[in-house]
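Visitor: This is the structure I have questions about; it appears just below.
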Amino acid sequence: MCLAVPMKIVKIDSAGKALVKQDDLETEVDLTLIEDPKVGDYVIIHAGYAIDLLDLEEALERLKLFRAMEESG
């Protein structure tokens, strides 16, 4: 099973790539599928691509669910 993970954009470069972070994990992703991404936005990451924008409330709720699954499993 593949999960799309919410992460926060911390830096955007001129080539359409972003550094995203969640907890201790940082990675570079492609932003070409997202319209008008900004530093501070939460995005859903799948297979190296940001595939959707999330508002803060939705991102935090999803992260809470991921943590609950982690603790139970």
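Simple scheme: letters A, B, ... for chains in structure tokens order, numbers from 1 for residues in each chain, numbers from 1 for ligands in the order shown.
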Might you pull out every residue within 7 Å of Leu53 of chain A, with only C-alpha atoms counted and same-chain residues fewer than 3 positions away left off, and present them as a ChimeraX atom specification?
Guide: /A:42-44
Visitor: Could you write out the selected residues, including N, CA and C atoms, as a PDB file, in the first residue's frame?
Guide:
```
ATOM      1  N   TYR A  42       1.253  23.369   3.099  1.00  0.00           N
ATOM      2  CA  TYR A  42       1.314  21.922   3.262  1.00  0.00           C
ATOM      3  C   TYR A  42       0.866  21.284   1.964  1.00  0.00           C
ATOM      4  N   VAL A  43       1.602  20.266   1.545  1.00  0.00           N
ATOM      5  CA  VAL A  43       1.289  19.541   0.318  1.00  0.00           C
ATOM      6  C   VAL A  43       1.270  18.047   0.606  1.00  0.00           C
ATOM      7  N   ILE A  44       0.538  17.339  -0.222  1.00  0.00           N
ATOM      8  CA  ILE A  44       0.533  15.875  -0.164  1.00  0.00           C
ATOM      9  C   ILE A  44       1.629  15.395  -1.111  1.00  0.00           C
TER      10      ILE A  44
END
```
Visitor: Per DSSP on the backbone, what are the helix (DSSP H, G or I) residues of chain A, as a PyMOL selection string?
Guide: chain A and resi 56-72
Visitor: Please produce an output containing C-alpha atoms for each residue in the selection, written as a compact mmCIF listing (two decimals), in the first residue's frame.
Guide:
```
# COMPACT_ATOMS: atom_id res chain seq x y z
CA LEU A 56 -3.32 23.84 7.79
CA GLU A 57 -6.27 22.24 9.59
CA GLU A 58 -6.51 19.34 7.13
CA ALA A 59 -2.74 18.79 7.18
CA LEU A 60 -2.64 18.64 10.98
CA GLU A 61 -5.59 16.23 11.09
CA ARG A 62 -3.92 13.88 8.60
CA LEU A 63 -0.63 14.02 10.48
CA LYS A 64 -2.50 13.18 13.69
CA LEU A 65 -3.97 10.11 11.96
CA PHE A 66 -0.53 9.01 10.71
CA ARG A 67 0.86 9.30 14.25
CA ALA A 68 -2.05 7.27 15.66
CA MET A 69 -1.42 4.53 13.08
CA GLU A 70 2.29 4.58 13.96
CA GLU A 71 1.59 4.21 17.68
CA SER A 72 -0.86 1.36 17.18
```
Visitor: In Å, with one decimal, what is the gap from atom CA of Glu35 of chain A to atom CA of Ala47 of chain A?
Guide: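 Separation between atom CA of Glu35 of chain A and atom CA of Ala47 of chain A: 18.1 Å.
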Visitor: Could you find all residues in segment 5-47 of chain A that DSSP calls strand (DSSP E) from the backbone, and write them as a list in words?
Guide: Val5, Pro6, Met7, Lys8, Ile9, Val10, Lys11, Ile12, Lys17, Ala18, Leu19, Val20, Lys21, Gln22, Leu25, Glu26, Thr27, Glu28, Val29, Asp30, Tyr42, Val43, Ile44, Ile45 and His46 of chain A
Visitor: Show me a table, sorted first by chain and then by increasing residue number, of the residues of segment 18-55 of chain A having an atom at most 6 Å from segment 4-13 of chain A, each with its shortest atom pair and the distance in Å to one decimal, counting only C-alpha atoms and written as CSV.
Guide:
```
residue,atom,partner,partner_atom,distance
A:Ala18,CA,A:Ile12,CA,4.3
A:Leu19,CA,A:Lys11,CA,5.1
A:Val20,CA,A:Ile9,CA,4.4
A:Lys21,CA,A:Lys8,CA,5.3
A:Gln22,CA,A:Met7,CA,5.2
A:Val39,CA,A:Ile9,CA,5.0
A:Gly40,CA,A:Ile9,CA,5.3
A:Asp41,CA,A:Ile9,CA,5.6
A:Tyr42,CA,A:Lys8,CA,4.4
A:Val43,CA,A:Pro6,CA,5.4
A:Ile44,CA,A:Pro6,CA,4.4
A:Ile45,CA,A:Val5,CA,5.1
A:His46,CA,A:Ala4,CA,4.9
```
Visitor: Could you save the residues just selected, with N, CA and C atoms, as a PDB file, in the first residue's frame?
Guide:
```pdb
ATOM      1  N   ALA A  18      11.021  21.729  -4.539  1.00  0.00           N
ATOM      2  CA  ALA A  18      10.899  22.274  -3.187  1.00  0.00           C
ATOM      3  C   ALA A  18      11.544  21.336  -2.190  1.00  0.00           C
ATOM      4  N   LEU A  19      12.063  21.931  -1.131  1.00  0.00           N
ATOM      5  CA  LEU A  19      12.480  21.175   0.030  1.00  0.00           C
ATOM      6  C   LEU A  19      11.268  21.138   0.942  1.00  0.00           C
ATOM      7  N   VAL A  20      10.849  19.937   1.318  1.00  0.00           N
ATOM      8  CA  VAL A  20       9.698  19.781   2.205  1.00  0.00           C
ATOM      9  C   VAL A  20      10.148  19.050   3.460  1.00  0.00           C
ATOM     10  N   LYS A  21       9.416  19.269   4.543  1.00  0.00           N
ATOM     11  CA  LYS A  21       9.825  18.700   5.826  1.00  0.00           C
ATOM     12  C   LYS A  21       8.600  18.264   6.621  1.00  0.00           C
ATOM     13  N   GLN A  22       8.785  17.175   7.344  1.00  0.00           N
ATOM     14  CA  GLN A  22       7.818  16.724   8.335  1.00  0.00           C
ATOM     15  C   GLN A  22       8.592  16.009   9.433  1.00  0.00           C
ATOM     16  N   VAL A  39       6.096  28.855   0.141  1.00  0.00           N
ATOM     17  CA  VAL A  39       6.756  28.406   1.357  1.00  0.00           C
ATOM     18  C   VAL A  39       5.738  28.508   2.497  1.00  0.00           C
ATOM     19  N   GLY A  40       5.671  27.455   3.302  1.00  0.00           N
ATOM     20  CA  GLY A  40       4.727  27.402   4.411  1.00  0.00           C
ATOM     21  C   GLY A  40       3.481  26.595   4.095  1.00  0.00           C
ATOM     22  N   ASP A  41       3.203  26.358   2.798  1.00  0.00           N
ATOM     23  CA  ASP A  41       2.061  25.527   2.411  1.00  0.00           C
ATOM     24  C   ASP A  41       2.315  24.074   2.781  1.00  0.00           C
ATOM     25  N   TYR A  42       1.253  23.369   3.099  1.00  0.00           N
ATOM     26  CA  TYR A  42       1.314  21.922   3.262  1.00  0.00           C
ATOM     27  C   TYR A  42       0.866  21.284   1.964  1.00  0.00           C
ATOM     28  N   VAL A  43       1.602  20.266   1.545  1.00  0.00           N
ATOM     29  CA  VAL A  43       1.289  19.541   0.318  1.00  0.00           C
ATOM     30  C   VAL A  43       1.270  18.047   0.606  1.00  0.00           C
ATOM     31  N   ILE A  44       0.538  17.339  -0.222  1.00  0.00           N
ATOM     32  CA  ILE A  44       0.533  15.875  -0.164  1.00  0.00           C
ATOM     33  C   ILE A  44       1.629  15.395  -1.111  1.00  0.00           C
ATOM     34  N   ILE A  45       2.516  14.549  -0.607  1.00  0.00           N
ATOM     35  CA  ILE A  45       3.651  14.041  -1.374  1.00  0.00           C
ATOM     36  C   ILE A  45       3.426  12.573  -1.707  1.00  0.00           C
ATOM     37  N   HIS A  46       3.651  12.254  -2.982  1.00  0.00           N
ATOM     38  CA  HIS A  46       3.580  10.862  -3.415  1.00  0.00           C
ATOM     39  C   HIS A  46       4.606  10.657  -4.527  1.00  0.00           C
TER      40      HIS A  46
END
```
Visitor: So how far away is atom CA of Lys17 of chain A from atom CA of Asp55 of chain A, in Å?
Guide: 20.0 Å
